[in-house]
$ cat upload.csv   # CSV, C-alpha atoms and all ligand atoms
chain,number,residue,atom,x,y,z
A,45,MET,CA,0.0,0.0,0.0
A,46,TYR,CA,1.2,3.5,-0.8
A,47,ALA,CA,1.7,6.2,2.0
A,48,PHE,CA,-1.3,8.4,2.5
A,49,ASP,CA,-2.7,11.0,4.9
A,50,TYR,CA,-5.8,10.4,7.0
A,51,GLN,CA,-8.2,13.0,8.2
A,52,ARG,CA,-11.4,12.5,10.2
A,53,ALA,CA,-14.1,15.0,9.0
A,54,SER,CA,-16.5,16.4,11.6
A,55,ASP,CA,-18.9,18.0,9.1
A,56,ALA,CA,-19.9,17.6,5.4
A,57,GLN,CA,-18.7,21.0,4.4
A,58,GLY,CA,-15.2,20.4,5.8
A,59,ALA,CA,-15.0,17.0,4.1
A,60,VAL,CA,-16.0,18.4,0.7
A,61,LYS,CA,-13.6,21.4,1.1
A,62,THR,CA,-10.6,19.0,1.7
A,63,ILE,CA,-11.5,16.8,-1.3
A,64,ASN,CA,-12.1,19.9,-3.4
A,65,ALA,CA,-8.7,21.3,-2.6
A,66,ASP,CA,-6.9,18.1,-3.5
A,67,PRO,CA,-8.0,16.1,-6.6
A,68,GLU,CA,-6.0,13.1,-5.3
A,69,ALA,CA,-7.9,13.0,-2.0
A,70,LYS,CA,-10.9,10.6,-1.5
A,71,PHE,CA,-13.7,10.2,0.9
A,72,LEU,CA,-13.4,7.1,3.1
A,73,GLY,CA,-16.5,5.2,4.2
A,74,GLY,CA,-16.1,1.8,5.7
A,75,GLY,CA,-13.0,1.1,3.5
A,76,GLN,CA,-14.4,-2.3,2.4
A,77,SER,CA,-13.9,-1.5,-1.2
A,78,LEU,CA,-11.4,1.5,-1.2
A,79,LEU,CA,-8.8,-0.1,1.0
A,80,ALA,CA,-8.8,-3.3,-1.0
A,81,ALA,CA,-8.3,-1.2,-4.2
A,82,MET,CA,-5.4,0.6,-2.5
A,83,LYS,CA,-3.8,-2.7,-1.4
A,84,LEU,CA,-4.1,-3.9,-5.0
A,85,ARG,CA,-2.6,-0.6,-6.1
A,86,LEU,CA,-5.6,0.2,-8.2
A,87,ALA,CA,-6.1,3.4,-6.2
A,88,GLN,CA,-3.5,5.8,-4.8
A,89,PRO,CA,-5.3,8.6,-2.9
A,90,SER,CA,-3.1,11.3,-1.3
A,91,THR,CA,-5.5,11.7,1.6
A,92,LEU,CA,-8.4,9.7,3.0
A,93,VAL,CA,-11.1,11.9,4.4
A,94,ASP,CA,-13.1,9.7,6.8
A,95,VAL,CA,-16.8,10.7,6.7
A,96,THR,CA,-18.1,8.0,9.0
A,97,ARG,CA,-18.0,10.2,12.1
A,98,ILE,CA,-20.1,13.1,10.6
A,99,PRO,CA,-23.2,13.2,12.7
A,100,ALA,CA,-25.5,14.3,9.9
A,101,LEU,CA,-24.5,11.2,7.9
A,102,LYS,CA,-25.2,8.8,10.8
A,103,THR,CA,-29.0,9.3,11.2
A,104,VAL,CA,-32.0,7.2,10.3
A,105,GLN,CA,-35.4,8.8,10.0
A,106,VAL,CA,-38.6,6.8,9.4
A,107,ASP,CA,-42.1,7.9,8.8
A,108,ALA,CA,-45.1,6.4,7.0
A,109,LYS,CA,-43.9,7.6,3.6
A,110,THR,CA,-40.1,7.7,3.6
A,111,VAL,CA,-37.2,5.9,5.1
A,112,THR,CA,-34.1,8.2,5.2
A,113,VAL,CA,-30.8,6.6,5.8
A,114,GLY,CA,-27.6,8.5,6.4
A,115,ALA,CA,-24.7,7.8,4.0
A,116,ALA,CA,-22.4,6.6,6.8
A,117,VAL,CA,-24.9,4.2,8.4
A,118,CYS,CA,-23.4,0.7,8.2
A,119,HIS,CA,-25.2,-2.2,6.7
A,120,ALA,CA,-25.5,-4.0,10.1
A,121,ASP,CA,-27.3,-0.9,11.6
A,122,VAL,CA,-29.8,-0.8,8.7
A,123,ALA,CA,-30.4,-4.6,9.1
A,124,ALA,CA,-31.0,-4.2,12.9
A,125,ASN,CA,-33.0,-1.0,12.8
A,126,ALA,CA,-36.5,-1.9,14.3
A,127,GLN,CA,-38.2,1.0,12.5
A,128,ILE,CA,-36.8,0.0,9.1
A,129,GLN,CA,-37.7,-3.6,9.8
A,130,ALA,CA,-41.3,-2.6,10.5
A,131,THR,CA,-41.7,0.0,7.7
A,132,LEU,CA,-39.5,-1.3,4.9
A,133,PRO,CA,-38.5,-4.8,5.8
A,134,ALA,CA,-37.1,-5.5,2.3
A,135,LEU,CA,-34.4,-2.9,2.9
A,136,ALA,CA,-33.4,-4.4,6.3
A,137,GLN,CA,-33.4,-7.9,4.8
A,138,LEU,CA,-31.2,-6.7,1.9
A,139,ALA,CA,-28.7,-5.1,4.3
A,140,ALA,CA,-28.6,-8.3,6.4
A,141,GLY,CA,-27.6,-10.3,3.3
A,142,ILE,CA,-24.6,-8.2,2.4
A,143,GLY,CA,-21.2,-9.8,2.7
A,144,ASP,CA,-20.2,-11.1,6.1
A,145,ARG,CA,-20.3,-9.7,9.6
A,146,GLN,CA,-17.2,-7.6,9.2
A,147,VAL,CA,-18.4,-6.1,5.9
A,148,ARG,CA,-21.8,-5.3,7.4
A,149,ALA,CA,-20.2,-3.7,10.5
A,150,LEU,CA,-18.0,-1.4,8.5
A,151,GLY,CA,-19.4,-1.0,5.0
A,152,THR,CA,-21.8,2.0,4.5
A,153,LEU,CA,-24.7,2.9,2.3
A,154,GLY,CA,-22.9,5.9,0.8
A,155,GLY,CA,-19.7,3.9,0.1
A,156,SER,CA,-21.7,1.2,-1.6
A,157,LEU,CA,-23.6,3.6,-3.8
A,158,ALA,CA,-20.5,5.7,-4.7
A,159,ASN,CA,-18.6,2.6,-5.5
A,160,ASP,CA,-21.4,1.2,-7.7
A,161,ASP,CA,-20.1,-2.3,-7.9
A,162,PRO,CA,-22.1,-4.1,-10.7
A,163,ALA,CA,-22.9,-6.9,-8.2
A,164,ALA,CA,-23.7,-4.7,-5.2
A,165,ASP,CA,-27.1,-5.1,-3.4
A,166,TYR,CA,-28.0,-1.5,-2.4
A,167,PRO,CA,-28.2,-0.2,-6.0
A,168,ALA,CA,-31.1,-2.6,-6.6
A,169,ALA,CA,-33.0,-1.1,-3.6
A,170,VAL,CA,-32.3,2.5,-4.6
A,171,LEU,CA,-33.4,1.9,-8.2
A,172,GLY,CA,-36.3,-0.5,-7.3
A,173,LEU,CA,-37.7,1.9,-4.8
A,174,ASN,CA,-37.2,5.0,-6.9
A,175,ALA,CA,-35.1,6.5,-4.1
A,176,THR,CA,-33.5,9.9,-4.1
A,177,VAL,CA,-29.7,10.2,-3.4
A,178,VAL,CA,-29.1,13.4,-1.4
A,179,THR,CA,-25.7,14.9,-1.7
A,180,ASP,CA,-24.0,18.0,-0.2
A,181,ARG,CA,-25.3,20.0,-3.2
A,182,ARG,CA,-28.3,18.4,-4.9
A,183,ARG,CA,-30.9,15.6,-5.0
A,184,ILE,CA,-30.3,12.9,-7.6
A,185,ALA,CA,-33.2,10.6,-8.7
A,186,ALA,CA,-32.3,6.9,-8.8
A,187,ASP,CA,-33.0,6.7,-12.5
A,188,ASP,CA,-30.2,9.3,-13.1
A,189,PHE,CA,-27.7,8.1,-10.5
A,190,PHE,CA,-26.2,4.8,-11.9
A,191,LEU,CA,-24.4,5.5,-15.2
A,192,GLY,CA,-22.4,2.3,-15.8
A,193,MET,CA,-19.9,-0.1,-14.3
A,194,TYR,CA,-18.4,1.7,-11.2
A,195,GLU,CA,-19.8,4.9,-12.6
A,196,THR,CA,-22.3,7.3,-11.0
A,197,ALA,CA,-23.6,10.8,-11.6
A,198,LEU,CA,-21.5,12.0,-8.6
A,199,GLU,CA,-18.9,14.7,-9.2
A,200,PRO,CA,-15.4,13.7,-7.8
A,201,ASP,CA,-15.8,16.0,-4.8
A,202,GLU,CA,-19.5,15.3,-4.2
A,203,LEU,CA,-20.5,13.8,-0.9
A,204,ILE,CA,-23.5,11.5,-0.5
A,205,VAL,CA,-25.3,12.7,2.7
A,206,ALA,CA,-28.3,10.4,2.8
A,207,VAL,CA,-30.8,8.3,0.7
A,208,GLU,CA,-34.5,8.8,0.8
A,209,PHE,CA,-36.4,5.6,0.2
A,210,PRO,CA,-40.1,6.0,-0.6
A,211,VAL,CA,-42.2,3.4,1.4
A,212,PRO,CA,-44.0,1.1,-1.2
A,213,GLN,CA,-47.1,-0.9,-0.6
A,214,ARG,CA,-45.0,-4.0,-0.7
A,215,ALA,CA,-41.5,-4.9,-1.7
A,216,ALA,CA,-38.9,-7.7,-1.6
A,217,TYR,CA,-35.4,-8.5,-2.6
A,218,GLU,CA,-34.1,-11.9,-3.7
A,219,LYS,CA,-30.5,-12.7,-4.7
A,220,PHE,CA,-28.7,-15.7,-5.9
A,221,HIS,CA,-25.4,-15.0,-4.2
A,222,ASN,CA,-21.8,-15.8,-4.9
A,223,PRO,CA,-21.1,-18.2,-2.0
A,224,ALA,CA,-17.6,-16.8,-1.4
A,225,SER,CA,-18.3,-13.1,-1.3
A,226,HIS,CA,-22.1,-13.0,-1.0
A,227,PHE,CA,-22.2,-10.4,-3.8
A,228,ALA,CA,-25.1,-10.9,-6.1
A,229,LEU,CA,-24.6,-13.3,-9.0
A,230,THR,CA,-28.0,-11.9,-9.9
A,231,GLY,CA,-30.3,-10.0,-7.5
A,232,VAL,CA,-33.8,-8.7,-8.1
A,233,PHE,CA,-35.6,-5.9,-6.1
A,234,VAL,CA,-39.4,-5.7,-6.7
A,235,ALA,CA,-41.6,-2.9,-5.4
A,236,GLN,CA,-45.3,-2.3,-5.9
A,237,PHE,CA,-46.6,1.2,-5.0
A,238,ALA,CA,-50.0,2.5,-3.9
A,239,ASP,CA,-50.7,3.9,-7.4
A,240,GLY,CA,-50.4,0.4,-8.9
A,241,SER,CA,-47.0,1.0,-10.5
A,242,VAL,CA,-44.3,-1.6,-10.2
A,243,ARG,CA,-40.5,-1.3,-10.4
A,244,VAL,CA,-38.1,-4.2,-10.9
A,245,ALA,CA,-34.4,-3.5,-10.5
A,246,ILE,CA,-31.8,-6.1,-11.4
A,247,THR,CA,-28.2,-6.2,-10.0
A,248,GLY,CA,-25.3,-8.5,-10.7
A,249,ALA,CA,-26.4,-9.5,-14.1
A,250,ALA,CA,-25.0,-6.7,-16.3
A,251,ALA,CA,-22.5,-3.8,-16.3
A,252,SER,CA,-24.7,-1.9,-13.9
A,253,VAL,CA,-28.0,-2.1,-12.1
A,254,PHE,CA,-30.9,-1.8,-14.5
A,255,ARG,CA,-34.7,-1.8,-14.6
A,256,ALA,CA,-36.5,-4.7,-16.3
A,257,GLY,CA,-39.3,-3.1,-18.2
A,258,GLY,CA,-40.9,-6.3,-19.4
A,259,LEU,CA,-41.2,-7.6,-15.8
A,260,GLU,CA,-42.5,-4.2,-14.6
A,261,ASP,CA,-45.3,-4.3,-17.3
A,262,ALA,CA,-46.2,-7.9,-16.5
A,263,LEU,CA,-46.3,-7.3,-12.8
A,264,LYS,CA,-48.4,-4.1,-13.2
A,265,ALA,CA,-51.0,-6.2,-15.1
A,266,SER,CA,-50.8,-9.1,-12.6
A,267,PHE,CA,-48.7,-9.0,-9.4
A,268,THR,CA,-48.2,-12.7,-9.2
A,269,PRO,CA,-45.2,-15.1,-9.4
A,270,ALA,CA,-46.7,-16.7,-12.5
A,271,ALA,CA,-46.7,-13.4,-14.3
A,272,ALA,CA,-43.0,-13.0,-13.5
A,273,ARG,CA,-42.1,-16.5,-14.5
A,274,ALA,CA,-43.8,-16.0,-17.9
A,275,VAL,CA,-41.4,-13.2,-18.9
A,276,SER,CA,-38.5,-14.1,-21.0
A,277,ILE,CA,-35.2,-12.1,-20.6
A,278,ALA,CA,-32.8,-11.8,-23.5
A,279,PRO,CA,-29.2,-12.6,-22.5
A,280,ASP,CA,-27.7,-10.2,-25.1
A,281,ASP,CA,-26.5,-7.5,-22.7
A,282,LEU,CA,-25.9,-9.7,-19.7
A,283,ASN,CA,-22.6,-10.7,-18.1
A,284,THR,CA,-20.7,-13.9,-18.8
A,285,ASP,CA,-17.9,-14.6,-16.3
A,286,LEU,CA,-16.3,-17.5,-14.5
A,287,HIS,CA,-19.3,-17.7,-12.1
A,288,ALA,CA,-22.2,-17.8,-14.7
A,289,SER,CA,-23.1,-17.4,-18.3
A,290,ALA,CA,-25.3,-14.6,-19.6
A,291,ALA,CA,-27.9,-17.3,-20.5
A,292,TYR,CA,-27.9,-18.5,-16.9
A,293,ARG,CA,-28.3,-15.0,-15.5
A,294,ALA,CA,-31.2,-14.4,-18.0
A,295,HIS,CA,-32.8,-17.6,-16.6
A,296,LEU,CA,-32.3,-16.4,-13.1
A,297,ILE,CA,-34.0,-13.0,-13.5
A,298,PRO,CA,-37.7,-14.2,-13.8
A,299,VAL,CA,-37.1,-17.0,-11.3
A,300,LEU,CA,-35.8,-14.6,-8.7
A,301,THR,CA,-38.5,-12.0,-9.6
A,302,ALA,CA,-41.2,-14.7,-9.0
A,303,ARG,CA,-39.6,-15.5,-5.6
A,304,ALA,CA,-39.5,-11.8,-4.7
A,305,VAL,CA,-43.2,-11.4,-5.6
A,306,THR,CA,-44.1,-14.4,-3.5
A,307,LYS,CA,-42.1,-12.9,-0.6
A,308,ALA,CA,-43.6,-9.5,-1.1
A,309,LEU,CA,-47.1,-10.9,-1.1
A,310,GLY,CA,-46.3,-12.5,2.3
A,401,LIG,C1,-15.5,-9.7,1.4
A,401,LIG,C2,-16.5,-8.6,0.9
A,401,LIG,C3,-17.8,-9.0,0.6
A,401,LIG,C4,-18.7,-8.1,0.2
A,401,LIG,N1,-20.0,-8.6,-0.1
A,401,LIG,C5,-20.9,-7.7,-0.6
A,401,LIG,C6,-22.2,-8.1,-0.9
A,401,LIG,O1,-22.6,-9.3,-0.7
A,401,LIG,N2,-23.1,-7.2,-1.3
A,401,LIG,C7,-22.7,-5.8,-1.5
A,401,LIG,O2,-23.6,-5.0,-1.9
A,401,LIG,N3,-21.5,-5.4,-1.2
A,401,LIG,C8,-20.6,-6.3,-0.7
A,401,LIG,N4,-19.3,-5.8,-0.4
A,401,LIG,C9,-19.0,-4.4,-0.5
A,401,LIG,C10,-19.4,-3.7,0.8
A,401,LIG,O3,-20.8,-3.5,0.8
A,401,LIG,C11,-18.8,-2.3,0.9
A,401,LIG,O4,-19.3,-1.7,2.1
A,401,LIG,C12,-19.1,-1.3,-0.2
A,401,LIG,O5,-18.8,-1.7,-1.4
A,401,LIG,C13,-18.3,0.0,0.0
A,401,LIG,O6,-18.7,0.7,1.1
A,401,LIG,P1,-17.7,1.3,2.1
A,401,LIG,O7,-18.4,2.2,3.1
A,401,LIG,O8,-16.7,0.3,2.7
A,401,LIG,O9,-16.9,2.4,1.1
A,401,LIG,P2,-15.4,2.6,0.9
A,401,LIG,O10,-14.7,1.4,0.5
A,401,LIG,O11,-14.8,3.4,2.1
A,401,LIG,O12,-15.4,3.6,-0.3
A,401,LIG,C14,-15.9,3.2,-1.6
A,401,LIG,C15,-16.0,4.4,-2.5
A,401,LIG,O13,-17.0,5.2,-2.1
A,401,LIG,C16,-16.5,6.6,-1.9
A,401,LIG,N5,-17.3,7.1,-0.8
A,401,LIG,C17,-17.5,6.5,0.5
A,401,LIG,N6,-18.4,7.2,1.2
A,401,LIG,C18,-18.9,8.1,0.3
A,401,LIG,C19,-19.9,9.2,0.5
A,401,LIG,N7,-20.6,9.3,1.6
A,401,LIG,N8,-20.1,10.0,-0.6
A,401,LIG,C20,-19.4,9.9,-1.7
A,401,LIG,N9,-18.5,8.9,-1.9
A,401,LIG,C21,-18.2,8.1,-0.9
A,401,LIG,C22,-15.0,6.4,-1.6
A,401,LIG,O14,-14.3,7.5,-1.9
A,401,LIG,C23,-14.7,5.2,-2.5
A,401,LIG,O15,-14.5,5.7,-3.8
A,401,LIG,C24,-18.4,-6.7,0.1
A,401,LIG,C25,-17.1,-6.3,0.4
A,401,LIG,C26,-16.2,-7.3,0.8
A,401,LIG,C27,-14.8,-6.8,1.2

$ encode --input "upload.csv" --output "structure tokens"
Amino acid sequence: MYAFDYQRASDAQGAVKTINADPEAKFLGGGQSLLAAMKLRLAQPSTLVDVTRIPALKTVQVDAKTVTVGAAVCHADVAANAQIQATLPALAQLAAGIGDRQVRALGTLGGSLANDDPAADYPAAVLGLNATVVTDRRRIAADDFFLGMYETALEPDELIVAVEFPVPQRAAYEKFHNPASHFALTGVFVAQFADGSVRVAITGAAASVFRAGGLEDALKASFTPAAARAVSIAPDDLNTDLHASAAYRAHLIPVLTARAVTKALG
């Protein structure tokens, strides 16, 4: 690992100011992705600005319409939060299935979204729930946030402060996980809203999280496992790697969607 400086930020403005003044500095969340990249010499930041002690990034607020989670809240705290469990159980369950205990104790929502690993779980919830990513300077709709593999709409010095998740009528997340890392080989987040609209977000299957329009239309017409299973997904833009072929992932998407619908229906 290269030498670097470490600073602990006490507020968002200070953290952004430091990053803004030094293009080689980077925000540090739980370090679960960034420190690994540094050890592999894929990243060489001059300074790490630790944002995990900023009080404004550590809060969780829950009401009947919205669950707002601070960017520095770790996965374990989302999983264990009784209000999230009661209001948006799909989000708590998704967080509980990320990685292992150490990853969940350190990894943060903001770090996961900024990193935008193509197999990460949170992007599916953000896109599936039509969430809003709140940064130090603007609000970014989920549909505009994820741009491609490890690529988001964030500016280099832009800090994620929180994410606002609308509370749907029902929702569920199902993933077929890689047994070594627990990352999603393919994961599906399904949400049905009070106005009858349905969103289906897929992670792990392509270069970036994406919405499955065919499944959304089918589930809007009939929110049943059978309707999901009847949809066929083309493998053309899906990933083939050592873990699974594109055809296998295409097969998994309706299967996992049907399981998610079953779970959402209770
Ligand atoms: C063994 C292992 C297994 C894992 N399994 C899973 C899994 O099953 N599912 C899953 O989804 N993930 C998994 N992860 C990833 C984990 O969820 C990480 O927490 C996540 O990818 C990065 O979050 P972090 O807080 O550690 O961010 P860091 O590693 O600290 O930072 C990642 C990137 O985000 C930036 N950043 C951090 N915070 C902010 C912020 N508030 N605003 C803007 N930019 C910011 C950093 O500058 C950096 O570029 C796994 C990781 C490991 C090591």

$ residues_near_ligand --input "upload.csv" --ligand "ligand LIG 401 (chain A)" --cutoff "6 Å" --atoms "all atoms listed in the file" --output "ChimeraX atom specification"
/A:70-78,115,142-143,147,151-152,154-156,158-159,164-166,202-205,225-227

$ atom_distance --input "upload.csv" --atom1 "atom CA of Gln146 of chain A" --atom2 "atom CA of Phe48 of chain A"
23.5 Å

$ closest_residue --input "upload.csv" --among "A:Pro223, A:Pro200, A:Gly258, A:Pro269" --to "His287 of chain A" --atoms "all atoms listed in the file"
A:Pro223

$ atom_distance --input "upload.csv" --atom1 "atom CA of Arg148 of chain A" --atom2 "atom CA of Phe233 of chain A"
19.3 Å

$ atom_distance --input "upload.csv" --atom1 "atom CA of Val122 of chain A" --atom2 "atom CA of Ala136 of chain A"
5.6 Å

$ closest_residue --input "upload.csv" --among "A:Thr131, A:Gln88, A:Thr96, A:Gln51" --to "Val117 of chain A" --atoms "only C-alpha atoms"
A:Thr96

$ residues_around --input "upload.csv" --residues "segment 245-251 of chain A" --least-positions-apart "3" --cutoff "7 Å" --atoms "only C-alpha atoms" --output "VMD selection string"
chain A and resid 162 to 165 168 171 to 172 192 to 193 228 to 234 254 to 256 281 to 283 293

$ closest_residue --input "upload.csv" --among "A:Ala265, A:Leu138, A:Ala274, A:Leu198" --to "Ala216 of chain A" --atoms "only C-alpha atoms"
A:Leu138

$ residues_around --input "upload.csv" --residues "Val170 of chain A" --least-positions-apart "5" --cutoff "10 Å" --atoms "all atoms listed in the file" --output "ChimeraX atom specification"
/A:135,157,165,175-177,185-187,189-190,207-210,233,245,253

$ residues_around --input "upload.csv" --residues "Ala65 of chain A" --least-positions-apart "4" --cutoff "12 Å" --atoms "all atoms listed in the file" --output "number ranges by chain"
A: 58-61, 69-70, 90-91, 93, 200-201

$ residues_near_point --input "upload.csv" --point "(-46.9, -13.4, -10.1)" --cutoff "12 Å" --atoms "all atoms listed in the file" --output "PyMOL selection string"
chain A and resi 234+236+259-275+298-309

$ closest_residue --input "upload.csv" --among "A:Ala123, A:Ala149, A:Val244, A:Ala116" --to "Leu173 of chain A" --atoms "all atoms listed in the file"
A:Val244

$ residues_around --input "upload.csv" --residues "Ile277 of chain A" --least-positions-apart "3" --cutoff "8 Å" --atoms "all atoms listed in the file" --output "list in words"
Ala294, His295, Ile297 and Pro298 of chain A

$ residues_around --input "upload.csv" --residues "segment 125-128 of chain A" --least-positions-apart "4" --cutoff "9 Å" --atoms "all atoms listed in the file" --output "ChimeraX atom specification"
/A:104-107,111,120-121,132-136

$ write_last_selection --input "upload.csv" --atoms "C-alpha atoms" --output "PDB file, in the frame of the given file"
ATOM      1  CA  VAL A 104     -32.000   7.200  10.300  1.00  0.00           C
ATOM      2  CA  GLN A 105     -35.400   8.800  10.000  1.00  0.00           C
ATOM      3  CA  VAL A 106     -38.600   6.800   9.400  1.00  0.00           C
ATOM      4  CA  ASP A 107     -42.100   7.900   8.800  1.00  0.00           C
ATOM      5  CA  VAL A 111     -37.200   5.900   5.100  1.00  0.00           C
ATOM      6  CA  ALA A 120     -25.500  -4.000  10.100  1.00  0.00           C
ATOM      7  CA  ASP A 121     -27.300  -0.900  11.600  1.00  0.00           C
ATOM      8  CA  LEU A 132     -39.500  -1.300   4.900  1.00  0.00           C
ATOM      9  CA  PRO A 133     -38.500  -4.800   5.800  1.00  0.00           C
ATOM     10  CA  ALA A 134     -37.100  -5.500   2.300  1.00  0.00           C
ATOM     11  CA  LEU A 135     -34.400  -2.900   2.900  1.00  0.00           C
ATOM     12  CA  ALA A 136     -33.400  -4.400   6.300  1.00  0.00           C
TER      13      ALA A 136
END

$ closest_residue --input "upload.csv" --among "A:Tyr46, A:Ile63, A:Thr112, A:Gln57" --to "Lys83 of chain A" --atoms "only C-alpha atoms"
A:Tyr46

$ closest_residue --input "upload.csv" --among "A:Ala47, A:Ala238, A:Ala140, A:Ala56" --to "Arg85 of chain A" --atoms "all atoms listed in the file"
A:Ala47

$ build_atoms --input "upload.csv" --residues "segment 282-289 of chain A" --atoms "all heavy atoms" --output "PDB file, in the frame of the given file"
ATOM      1  N   LEU A 282     -26.238  -9.188 -21.014  1.00  0.00           N
ATOM      2  CA  LEU A 282     -25.900  -9.700 -19.700  1.00  0.00           C
ATOM      3  C   LEU A 282     -24.472 -10.171 -19.595  1.00  0.00           C
ATOM      4  O   LEU A 282     -23.850 -10.467 -20.617  1.00  0.00           O
ATOM      5  CB  LEU A 282     -26.896 -10.754 -19.240  1.00  0.00           C
ATOM      6  CG  LEU A 282     -28.378 -10.334 -19.227  1.00  0.00           C
ATOM      7  CD1 LEU A 282     -29.238 -11.444 -18.649  1.00  0.00           C
ATOM      8  CD2 LEU A 282     -28.594  -9.030 -18.468  1.00  0.00           C
ATOM      9  N   ASN A 283     -23.969 -10.304 -18.363  1.00  0.00           N
ATOM     10  CA  ASN A 283     -22.600 -10.700 -18.100  1.00  0.00           C
ATOM     11  C   ASN A 283     -22.362 -12.197 -18.283  1.00  0.00           C
ATOM     12  O   ASN A 283     -23.171 -12.981 -17.775  1.00  0.00           O
ATOM     13  CB  ASN A 283     -22.122 -10.336 -16.727  1.00  0.00           C
ATOM     14  CG  ASN A 283     -22.065  -8.845 -16.487  1.00  0.00           C
ATOM     15  OD1 ASN A 283     -21.990  -8.066 -17.434  1.00  0.00           O
ATOM     16  ND2 ASN A 283     -22.095  -8.461 -15.233  1.00  0.00           N
ATOM     17  N   THR A 284     -21.260 -12.553 -18.905  1.00  0.00           N
ATOM     18  CA  THR A 284     -20.700 -13.900 -18.800  1.00  0.00           C
ATOM     19  C   THR A 284     -19.395 -13.810 -18.091  1.00  0.00           C
ATOM     20  O   THR A 284     -18.554 -12.999 -18.474  1.00  0.00           O
ATOM     21  CB  THR A 284     -20.552 -14.543 -20.191  1.00  0.00           C
ATOM     22  OG1 THR A 284     -21.840 -14.788 -20.759  1.00  0.00           O
ATOM     23  CG2 THR A 284     -19.785 -15.853 -20.106  1.00  0.00           C
ATOM     24  N   ASP A 285     -19.205 -14.580 -17.021  1.00  0.00           N
ATOM     25  CA  ASP A 285     -17.900 -14.600 -16.300  1.00  0.00           C
ATOM     26  C   ASP A 285     -17.677 -15.999 -15.795  1.00  0.00           C
ATOM     27  O   ASP A 285     -18.433 -16.927 -16.121  1.00  0.00           O
ATOM     28  CB  ASP A 285     -17.833 -13.521 -15.246  1.00  0.00           C
ATOM     29  CG  ASP A 285     -18.975 -13.637 -14.240  1.00  0.00           C
ATOM     30  OD1 ASP A 285     -19.466 -14.769 -14.032  1.00  0.00           O
ATOM     31  OD2 ASP A 285     -19.378 -12.606 -13.664  1.00  0.00           O
ATOM     32  N   LEU A 286     -16.651 -16.151 -14.939  1.00  0.00           N
ATOM     33  CA  LEU A 286     -16.300 -17.500 -14.500  1.00  0.00           C
ATOM     34  C   LEU A 286     -17.430 -18.064 -13.566  1.00  0.00           C
ATOM     35  O   LEU A 286     -17.504 -19.279 -13.351  1.00  0.00           O
ATOM     36  CB  LEU A 286     -14.968 -17.575 -13.803  1.00  0.00           C
ATOM     37  CG  LEU A 286     -14.824 -17.065 -12.370  1.00  0.00           C
ATOM     38  CD1 LEU A 286     -13.489 -17.542 -11.823  1.00  0.00           C
ATOM     39  CD2 LEU A 286     -14.902 -15.571 -12.295  1.00  0.00           C
ATOM     40  N   HIS A 287     -18.306 -17.203 -13.059  1.00  0.00           N
ATOM     41  CA  HIS A 287     -19.300 -17.700 -12.100  1.00  0.00           C
ATOM     42  C   HIS A 287     -20.595 -18.139 -12.868  1.00  0.00           C
ATOM     43  O   HIS A 287     -21.272 -19.060 -12.407  1.00  0.00           O
ATOM     44  CB  HIS A 287     -19.719 -16.552 -11.167  1.00  0.00           C
ATOM     45  CG  HIS A 287     -18.554 -16.037 -10.387  1.00  0.00           C
ATOM     46  ND1 HIS A 287     -17.837 -16.824  -9.528  1.00  0.00           N
ATOM     47  CD2 HIS A 287     -17.969 -14.803 -10.354  1.00  0.00           C
ATOM     48  CE1 HIS A 287     -16.859 -16.110  -8.992  1.00  0.00           C
ATOM     49  NE2 HIS A 287     -16.915 -14.892  -9.482  1.00  0.00           N
ATOM     50  N   ALA A 288     -20.945 -17.501 -13.980  1.00  0.00           N
ATOM     51  CA  ALA A 288     -22.200 -17.800 -14.700  1.00  0.00           C
ATOM     52  C   ALA A 288     -22.200 -17.241 -16.073  1.00  0.00           C
ATOM     53  O   ALA A 288     -21.583 -16.201 -16.318  1.00  0.00           O
ATOM     54  CB  ALA A 288     -23.402 -17.312 -13.889  1.00  0.00           C
ATOM     55  N   SER A 289     -22.941 -17.910 -16.954  1.00  0.00           N
ATOM     56  CA  SER A 289     -23.100 -17.400 -18.300  1.00  0.00           C
ATOM     57  C   SER A 289     -24.218 -16.362 -18.362  1.00  0.00           C
ATOM     58  O   SER A 289     -25.065 -16.297 -17.456  1.00  0.00           O
ATOM     59  CB  SER A 289     -23.401 -18.529 -19.280  1.00  0.00           C
ATOM     60  OG  SER A 289     -24.685 -19.050 -18.956  1.00  0.00           O
TER      61      SER A 289
END
